[in-house]
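The data block below is start_11.cif; it holds mmCIF, C-alpha atoms.
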```cif
data_work
#
loop_
_atom_site.group_PDB
_atom_site.id
_atom_site.type_symbol
_atom_site.label_atom_id
_atom_site.label_comp_id
_atom_site.auth_asym_id
_atom_site.auth_seq_id
_atom_site.Cartn_x
_atom_site.Cartn_y
_atom_site.Cartn_z
ATOM 1 C CA MET T 758 9.337 -2.922 -9.887
ATOM 2 C CA ILE T 759 5.780 -3.615 -8.898
ATOM 3 C CA PHE T 760 3.809 -1.960 -6.082
ATOM 4 C CA ILE T 761 1.019 -4.179 -4.713
ATOM 5 C CA THR T 762 -1.612 -3.152 -2.191
ATOM 6 C CA HIS T 763 -2.892 -5.716 0.268
ATOM 7 C CA PRO T 764 -6.308 -7.150 -0.593
ATOM 8 C CA GLU T 765 -9.384 -7.203 1.666
ATOM 9 C CA VAL T 766 -8.968 -7.284 5.435
ATOM 10 C CA GLU T 767 -10.965 -8.288 8.496
ATOM 11 C CA VAL T 768 -12.116 -4.960 9.910
ATOM 12 C CA ASP T 769 -11.860 -5.044 13.692
ATOM 13 C CA PRO T 770 -12.653 -1.725 15.413
ATOM 14 C CA ASP T 771 -11.173 -3.087 18.665
ATOM 15 C CA ARG T 772 -7.748 -3.785 17.156
ATOM 16 C CA PRO T 773 -5.246 -1.203 15.871
ATOM 17 C CA VAL T 774 -5.539 -0.879 12.077
ATOM 18 C CA THR T 775 -1.853 -1.768 11.765
ATOM 19 C CA ARG T 776 -2.679 -5.221 13.186
ATOM 20 C CA TRP T 777 -5.677 -6.022 10.977
ATOM 21 C CA ARG T 778 -5.350 -9.328 9.139
ATOM 22 C CA LEU T 779 -6.277 -10.365 5.631
ATOM 23 C CA SER T 780 -9.803 -11.722 5.241
ATOM 24 C CA GLU T 781 -10.511 -15.105 3.625
ATOM 25 C CA LYS T 782 -11.365 -13.263 0.409
ATOM 26 C CA GLY T 783 -8.126 -11.274 0.624
ATOM 27 C CA ILE T 784 -6.087 -14.439 1.180
ATOM 28 C CA ALA T 785 -7.747 -16.147 -1.798
ATOM 29 C CA ARG T 786 -7.155 -13.150 -4.068
ATOM 30 C CA MET T 787 -3.504 -12.898 -3.035
ATOM 31 C CA ARG T 788 -2.970 -16.632 -3.617
ATOM 32 C CA THR T 789 -4.453 -16.326 -7.112
ATOM 33 C CA PHE T 790 -2.180 -13.386 -7.898
ATOM 34 C CA ALA T 791 0.882 -15.173 -6.493
ATOM 35 C CA GLU T 792 0.296 -18.134 -8.839
ATOM 36 C CA THR T 793 0.876 -15.972 -11.933
ATOM 37 C CA ALA T 794 3.197 -13.257 -10.603
ATOM 38 C CA PRO T 795 6.532 -12.824 -12.344
ATOM 39 C CA PRO T 796 9.667 -13.783 -10.406
ATOM 40 C CA PHE T 797 11.137 -11.196 -8.066
ATOM 41 C CA ARG T 798 14.657 -10.950 -6.687
ATOM 42 C CA ALA T 799 13.327 -9.180 -3.580
ATOM 43 C CA ILE T 800 9.938 -8.809 -1.885
ATOM 44 C CA TRP T 801 9.472 -5.928 0.546
ATOM 45 C CA ALA T 802 6.538 -5.221 2.849
ATOM 46 C CA SER T 803 5.428 -2.609 5.318
ATOM 47 C CA ALA T 804 5.530 -3.615 8.984
ATOM 48 C CA GLU T 805 1.724 -3.871 9.133
ATOM 49 C CA THR T 806 0.218 -7.344 9.592
ATOM 50 C CA LYS T 807 -1.958 -7.303 6.448
ATOM 51 C CA ALA T 808 0.988 -6.325 4.216
ATOM 52 C CA ILE T 809 3.291 -8.924 5.783
ATOM 53 C CA GLU T 810 0.629 -11.608 5.285
ATOM 54 C CA ALA T 811 0.120 -10.620 1.638
ATOM 55 C CA ALA T 812 3.871 -10.488 0.998
ATOM 56 C CA GLY T 813 4.254 -13.852 2.714
ATOM 57 C CA ILE T 814 1.779 -15.449 0.307
ATOM 58 C CA LEU T 815 3.724 -14.040 -2.632
ATOM 59 C CA ALA T 816 7.068 -15.088 -1.146
ATOM 60 C CA ALA T 817 5.841 -18.637 -0.423
ATOM 61 C CA ALA T 818 4.796 -19.044 -4.056
ATOM 62 C CA GLN T 819 8.246 -17.894 -5.148
ATOM 63 C CA GLY T 820 10.226 -19.812 -2.553
ATOM 64 C CA CYS T 821 11.860 -16.739 -1.071
ATOM 65 C CA GLY T 822 11.676 -14.542 2.009
ATOM 66 C CA ILE T 823 10.433 -11.032 2.592
ATOM 67 C CA ARG T 824 12.046 -7.922 3.957
ATOM 68 C CA VAL T 825 10.237 -5.287 5.991
ATOM 69 C CA HIS T 826 10.770 -1.541 5.633
ATOM 70 C CA PRO T 827 8.993 0.713 8.164
ATOM 71 C CA GLY T 828 8.821 3.544 5.626
ATOM 72 C CA LEU T 829 6.291 1.551 3.599
ATOM 73 C CA GLY T 830 3.573 1.786 6.272
ATOM 74 C CA GLU T 831 0.197 3.327 5.514
ATOM 75 C CA ASN T 832 -0.366 6.935 6.481
ATOM 76 C CA ASP T 833 -0.425 7.109 10.282
ATOM 77 C CA ARG T 834 -3.996 7.709 11.337
ATOM 78 C CA SER T 835 -3.790 6.150 14.788
ATOM 79 C CA SER T 836 -4.655 9.459 16.473
ATOM 80 C CA ALA T 837 -8.241 9.292 15.205
ATOM 81 C CA GLY T 838 -8.850 5.626 15.970
ATOM 82 C CA PHE T 839 -11.321 3.562 13.963
ATOM 83 C CA LEU T 840 -13.633 5.538 11.701
ATOM 84 C CA PRO T 841 -16.773 3.979 10.191
ATOM 85 C CA PRO T 842 -16.558 3.788 6.374
ATOM 86 C CA PRO T 843 -18.464 7.010 5.521
ATOM 87 C CA GLU T 844 -16.364 9.039 7.999
ATOM 88 C CA PHE T 845 -13.164 7.366 6.820
ATOM 89 C CA GLU T 846 -13.902 8.163 3.167
ATOM 90 C CA ALA T 847 -14.559 11.829 4.013
ATOM 91 C CA ALA T 848 -11.298 11.973 5.986
ATOM 92 C CA ALA T 849 -9.398 10.302 3.126
ATOM 93 C CA ASP T 850 -10.857 12.849 0.688
ATOM 94 C CA MET T 851 -9.494 15.644 2.899
ATOM 95 C CA PHE T 852 -6.137 13.861 3.300
ATOM 96 C CA PHE T 853 -5.580 13.946 -0.461
ATOM 97 C CA ALA T 854 -7.218 17.344 -1.104
ATOM 98 C CA GLU T 855 -5.209 19.160 1.598
ATOM 99 C CA PRO T 856 -1.816 17.400 1.636
ATOM 100 C CA GLU T 857 -0.253 19.855 4.118
ATOM 101 C CA LEU T 858 -3.067 19.564 6.682
ATOM 102 C CA SER T 859 -3.635 16.886 9.296
ATOM 103 C CA PHE T 860 -7.071 15.420 9.949
ATOM 104 C CA ARG T 861 -7.442 14.955 13.730
ATOM 105 C CA GLY T 862 -3.730 14.270 14.132
ATOM 106 C CA TRP T 863 -3.256 12.041 11.063
ATOM 107 C CA GLU T 864 0.099 12.130 9.339
ATOM 108 C CA THR T 865 -0.232 14.600 6.471
ATOM 109 C CA ALA T 866 -0.243 13.376 2.886
ATOM 110 C CA ARG T 867 2.937 15.345 2.223
ATOM 111 C CA ALA T 868 4.756 13.712 5.170
ATOM 112 C CA ALA T 869 3.523 10.248 4.155
ATOM 113 C CA GLN T 870 4.631 10.878 0.577
ATOM 114 C CA ASP T 871 8.094 11.989 1.686
ATOM 115 C CA ARG T 872 8.398 8.868 3.850
ATOM 116 C CA VAL T 873 7.326 6.383 1.164
ATOM 117 C CA VAL T 874 9.498 8.067 -1.493
ATOM 118 C CA ALA T 875 12.501 7.743 0.851
ATOM 119 C CA ALA T 876 11.670 4.053 1.421
ATOM 120 C CA PHE T 877 11.351 3.516 -2.338
ATOM 121 C CA ARG T 878 14.779 5.074 -2.872
ATOM 122 C CA ASP T 879 16.212 2.688 -0.265
ATOM 123 C CA ILE T 880 14.871 -0.436 -1.998
ATOM 124 C CA GLN T 881 14.189 0.377 -5.653
ATOM 125 C CA GLY T 882 15.448 -1.860 -8.396
ATOM 126 C CA GLU T 883 14.386 -4.239 -11.124
ATOM 127 C CA ASP T 884 12.470 -7.363 -10.185
ATOM 128 C CA VAL T 885 11.422 -5.912 -6.820
ATOM 129 C CA ALA T 886 7.924 -6.321 -5.384
ATOM 130 C CA ILE T 887 6.652 -3.924 -2.736
ATOM 131 C CA VAL T 888 3.561 -4.992 -0.797
ATOM 132 C CA ALA T 889 2.017 -2.138 1.124
ATOM 133 C CA HIS T 890 -1.087 0.061 1.165
ATOM 134 C CA GLY T 891 -3.355 2.118 -1.044
ATOM 135 C CA ALA T 892 -2.753 5.654 0.163
ATOM 136 C CA VAL T 893 1.045 5.418 0.194
ATOM 137 C CA GLY T 894 0.951 3.555 -3.122
ATOM 138 C CA THR T 895 -1.019 6.444 -4.570
ATOM 139 C CA LEU T 896 1.329 9.011 -3.052
ATOM 140 C CA LEU T 897 4.376 7.219 -4.484
ATOM 141 C CA ARG T 898 2.667 6.829 -7.857
ATOM 142 C CA CYS T 899 1.859 10.565 -7.961
ATOM 143 C CA HIS T 900 5.474 11.431 -7.113
ATOM 144 C CA LEU T 901 6.954 9.144 -9.759
ATOM 145 C CA ALA T 902 4.519 10.404 -12.409
ATOM 146 C CA GLY T 903 5.298 14.032 -11.531
ATOM 147 C CA LEU T 904 1.676 14.654 -10.545
ATOM 148 C CA PRO T 905 0.321 16.618 -7.590
ATOM 149 C CA ILE T 906 -1.087 14.638 -4.703
ATOM 150 C CA SER T 907 -4.648 13.730 -5.652
ATOM 151 C CA ARG T 908 -7.185 11.058 -4.872
ATOM 152 C CA ASP T 909 -7.931 11.004 -8.590
ATOM 153 C CA ASP T 910 -4.961 8.612 -8.813
ATOM 154 C CA ASP T 911 -6.058 6.461 -5.858
ATOM 155 C CA GLN T 912 -6.425 2.704 -6.270
ATOM 156 C CA PRO T 913 -9.963 1.615 -7.230
ATOM 157 C CA GLY T 914 -10.121 -0.768 -4.247
ATOM 158 C CA GLN T 915 -7.972 -2.999 -2.064
ATOM 159 C CA GLY T 916 -5.816 -5.525 -3.864
ATOM 160 C CA HIS T 917 -4.418 -3.586 -6.827
ATOM 161 C CA TYR T 918 -0.974 -2.986 -8.279
ATOM 162 C CA TRP T 919 1.004 -0.798 -10.634
ATOM 163 C CA ARG T 920 4.351 -1.371 -12.306
ATOM 164 C CA LEU T 921 7.206 1.022 -12.846
ATOM 165 C CA VAL T 922 8.077 0.915 -16.567
ATOM 166 C CA ASP T 923 10.828 3.152 -17.942
ATOM 167 C CA GLY T 924 10.617 5.280 -14.799
ATOM 168 C CA GLN T 925 6.842 5.831 -15.074
ATOM 169 C CA PRO T 926 4.068 4.106 -13.115
ATOM 170 C CA THR T 927 1.391 2.246 -15.048
ATOM 171 C CA GLU T 928 -2.313 2.469 -14.272
ATOM 172 C CA TRP T 929 -3.700 0.540 -11.302
ATOM 173 C CA LEU T 930 -4.634 -3.070 -12.142
ATOM 174 C CA SER T 931 -6.539 -5.588 -10.020
ATOM 175 C CA ILE T 932 -4.552 -8.490 -8.559
ATOM 176 C CA THR T 933 -7.298 -10.805 -9.894
#
```
Would you give me this structure, written as structure tokens?
Amino acid sequence: MIFITHPEVEVDPDRPVTRWRLSEKGIARMRTFAETAPPFRAIWASAETKAIEAAGILAAAQGCGIRVHPGLGENDRSSAGFLPPPEFEAAADMFFAEPELSFRGWETARAAQDRVVAAFRDIQGEDVAIVAHGAVGTLLRCHLAGLPISRDDDQPGQGHYWRLVDGQPTEWLSIT
């Protein structure tokens, strides 16, 4: 099993984050990764546009389709709307540091972790690719490693992945 986070997106403050698209750079990075990715028997994505686009690039390279699981979505932060990068980073720090608390109506880290773990249990298996998002990828990784929720285990940037090997997640690696 491999968990892949979507690469760079076109930030559009006037569009819901769930509908942001991959940027040209993100598309290029995902195409490069797809060229060398191992074969998968199933490719799953969150219902968000950027994850579906990234999964679609991977699926096209492999000649297969994708499946969507709503439990793979990024933590719900729609209540706060768009936050400029410095404010978003501060909110993300709090999200991980206080997993039982909600920032301005955001889904809590604990609730997001429970949701993504349940989705993982629905779809886990060998030769499965999951294309989703950084925060939920970190939350799932922490759970599988038996670690507390922490941003210390967060991806270093968009467009990274980890593998599940013998029941344990590897370190984050860049898709290119």
Return the single residue from T:Ile761, T:Ile906, T:Ala875, T:Leu921 that is closest to Gly891 of chain T, with distances computed using all atoms listed in the file. T:Ile761
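Distances here use all atoms listed in the file; by that measure, the residue among T:Phe853, T:Glu765, T:Ala886, T:Glu864 closest to Pro795 of chain T is T:Ala886.
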For the structure shown, which residues end up in the PyMOL selection byres ((chain T and resi 799-811) around 7)? Put them as a short mmCIF file (atom, residue, chain, number, x, y, z; two decimals) with C-alpha atoms, in the frame of the given file, please?
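New file expr.cif:
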```
data_model
loop_
_atom_site.label_atom_id
_atom_site.label_comp_id
_atom_site.auth_asym_id
_atom_site.auth_seq_id
_atom_site.Cartn_x
_atom_site.Cartn_y
_atom_site.Cartn_z
CA HIS T 763 -2.89 -5.72 0.27
CA THR T 775 -1.85 -1.77 11.76
CA ARG T 776 -2.68 -5.22 13.19
CA TRP T 777 -5.68 -6.02 10.98
CA ARG T 778 -5.35 -9.33 9.14
CA LEU T 779 -6.28 -10.36 5.63
CA MET T 787 -3.50 -12.90 -3.04
CA PHE T 797 11.14 -11.20 -8.07
CA ARG T 798 14.66 -10.95 -6.69
CA ALA T 812 3.87 -10.49 1.00
CA GLY T 813 4.25 -13.85 2.71
CA ILE T 814 1.78 -15.45 0.31
CA LEU T 815 3.72 -14.04 -2.63
CA ALA T 816 7.07 -15.09 -1.15
CA ILE T 823 10.43 -11.03 2.59
CA ARG T 824 12.05 -7.92 3.96
CA VAL T 825 10.24 -5.29 5.99
CA HIS T 826 10.77 -1.54 5.63
CA PRO T 827 8.99 0.71 8.16
CA LEU T 829 6.29 1.55 3.60
CA GLY T 830 3.57 1.79 6.27
CA ASP T 884 12.47 -7.36 -10.18
CA VAL T 885 11.42 -5.91 -6.82
CA ALA T 886 7.92 -6.32 -5.38
CA ILE T 887 6.65 -3.92 -2.74
CA VAL T 888 3.56 -4.99 -0.80
CA ALA T 889 2.02 -2.14 1.12
#
```
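Picture a line from atom CA of Phe839 of chain T to atom CA of Asp909 of chain T; it runs 24.0 Å.
Rounded to one decimal, atom CA of Gln819 of chain T and atom CA of Ala791 of chain T lie 8.0 Å from each other.
Minimum atom-to-atom distances from T:Ser931, T:Gly914, T:Gly882, T:Gln870 to His900 of chain T were compared using all atoms listed in the file, and the lowest value belongs to T:Gln870.
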Emit as JSON the padded axis-aligned box for all listed atoms of segment 795-801 of chain T, 6 Å per side, with centre and edge lengths in Å to one decimal.
```
{"center_x": 10.6, "center_y": -9.9, "center_z": -5.9, "size_x": 20.1, "size_y": 19.9, "size_z": 24.9}
```
Could you spell out the hits of the PyMOL selection byres ((chain T and resi 917) around 10) on the shown file, as a PDB file with C-alpha atoms, in the coordinates of the input?
```pdb
ATOM      1  CA  PHE T 760       3.809  -1.960  -6.082  1.00  0.00           C
ATOM      2  CA  ILE T 761       1.019  -4.179  -4.713  1.00  0.00           C
ATOM      3  CA  THR T 762      -1.612  -3.152  -2.191  1.00  0.00           C
ATOM      4  CA  HIS T 763      -2.892  -5.716   0.268  1.00  0.00           C
ATOM      5  CA  PRO T 764      -6.308  -7.150  -0.593  1.00  0.00           C
ATOM      6  CA  HIS T 890      -1.087   0.061   1.165  1.00  0.00           C
ATOM      7  CA  GLY T 891      -3.355   2.118  -1.044  1.00  0.00           C
ATOM      8  CA  GLY T 894       0.951   3.555  -3.122  1.00  0.00           C
ATOM      9  CA  GLN T 912      -6.425   2.704  -6.270  1.00  0.00           C
ATOM     10  CA  PRO T 913      -9.963   1.615  -7.230  1.00  0.00           C
ATOM     11  CA  GLY T 914     -10.121  -0.768  -4.247  1.00  0.00           C
ATOM     12  CA  GLN T 915      -7.972  -2.999  -2.064  1.00  0.00           C
ATOM     13  CA  GLY T 916      -5.816  -5.525  -3.864  1.00  0.00           C
ATOM     14  CA  TYR T 918      -0.974  -2.986  -8.279  1.00  0.00           C
ATOM     15  CA  TRP T 919       1.004  -0.798 -10.634  1.00  0.00           C
ATOM     16  CA  GLU T 928      -2.313   2.469 -14.272  1.00  0.00           C
ATOM     17  CA  TRP T 929      -3.700   0.540 -11.302  1.00  0.00           C
ATOM     18  CA  LEU T 930      -4.634  -3.070 -12.142  1.00  0.00           C
ATOM     19  CA  SER T 931      -6.539  -5.588 -10.020  1.00  0.00           C
ATOM     20  CA  ILE T 932      -4.552  -8.490  -8.559  1.00  0.00           C
ATOM     21  CA  THR T 933      -7.298 -10.805  -9.894  1.00  0.00           C
TER      22      THR T 933
END
```
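Remark: for Leu904 of chain T, the closest of the candidate residues T:Ile784, T:Pro926, T:Glu883, T:Asp771 is T:Pro926 (distances computed over all atoms listed in the file).
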Any chance you could resolve the PyMOL selection byres ((chain T and resi 905) around 12) against this file and give the residues as a short mmCIF file (atom, residue, chain, number, x, y, z; two decimals) with C-alpha atoms, in the frame of the given file?
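Below you can see out_15.cif, which holds the result:
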```cif
data_model
loop_
_atom_site.label_atom_id
_atom_site.label_comp_id
_atom_site.auth_asym_id
_atom_site.auth_seq_id
_atom_site.Cartn_x
_atom_site.Cartn_y
_atom_site.Cartn_z
CA PHE T 853 -5.58 13.95 -0.46
CA ALA T 854 -7.22 17.34 -1.10
CA GLU T 855 -5.21 19.16 1.60
CA PRO T 856 -1.82 17.40 1.64
CA ALA T 866 -0.24 13.38 2.89
CA ARG T 867 2.94 15.34 2.22
CA GLN T 870 4.63 10.88 0.58
CA THR T 895 -1.02 6.44 -4.57
CA LEU T 896 1.33 9.01 -3.05
CA LEU T 897 4.38 7.22 -4.48
CA ARG T 898 2.67 6.83 -7.86
CA CYS T 899 1.86 10.56 -7.96
CA HIS T 900 5.47 11.43 -7.11
CA LEU T 901 6.95 9.14 -9.76
CA ALA T 902 4.52 10.40 -12.41
CA GLY T 903 5.30 14.03 -11.53
CA LEU T 904 1.68 14.65 -10.54
CA ILE T 906 -1.09 14.64 -4.70
CA SER T 907 -4.65 13.73 -5.65
CA ARG T 908 -7.18 11.06 -4.87
CA ASP T 909 -7.93 11.00 -8.59
CA ASP T 910 -4.96 8.61 -8.81
#
```
So what do you get for atom CA of Val893 of chain T versus atom CA of Phe860 of chain T, distance-wise? 16.2 Å
When distances are computed from only C-alpha atoms, which of T:Arg861, T:Val873, T:Ile880, T:Ser836 shows the smallest separation from Ala892 of chain T? T:Val873
What would the list of residues within 8 Å of (-5.9, 10.2, 7.9) (file frame) look like as number ranges by chain, if all atoms listed in the file are what count? T: 832-834, 837, 845, 848-849, 852, 859-865
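The residue that comes closest to Val774 of chain T, out of T:Ala869, T:Ser835, T:Ala847, T:Gln925 and on the basis of all atoms listed in the file, is T:Ser835.
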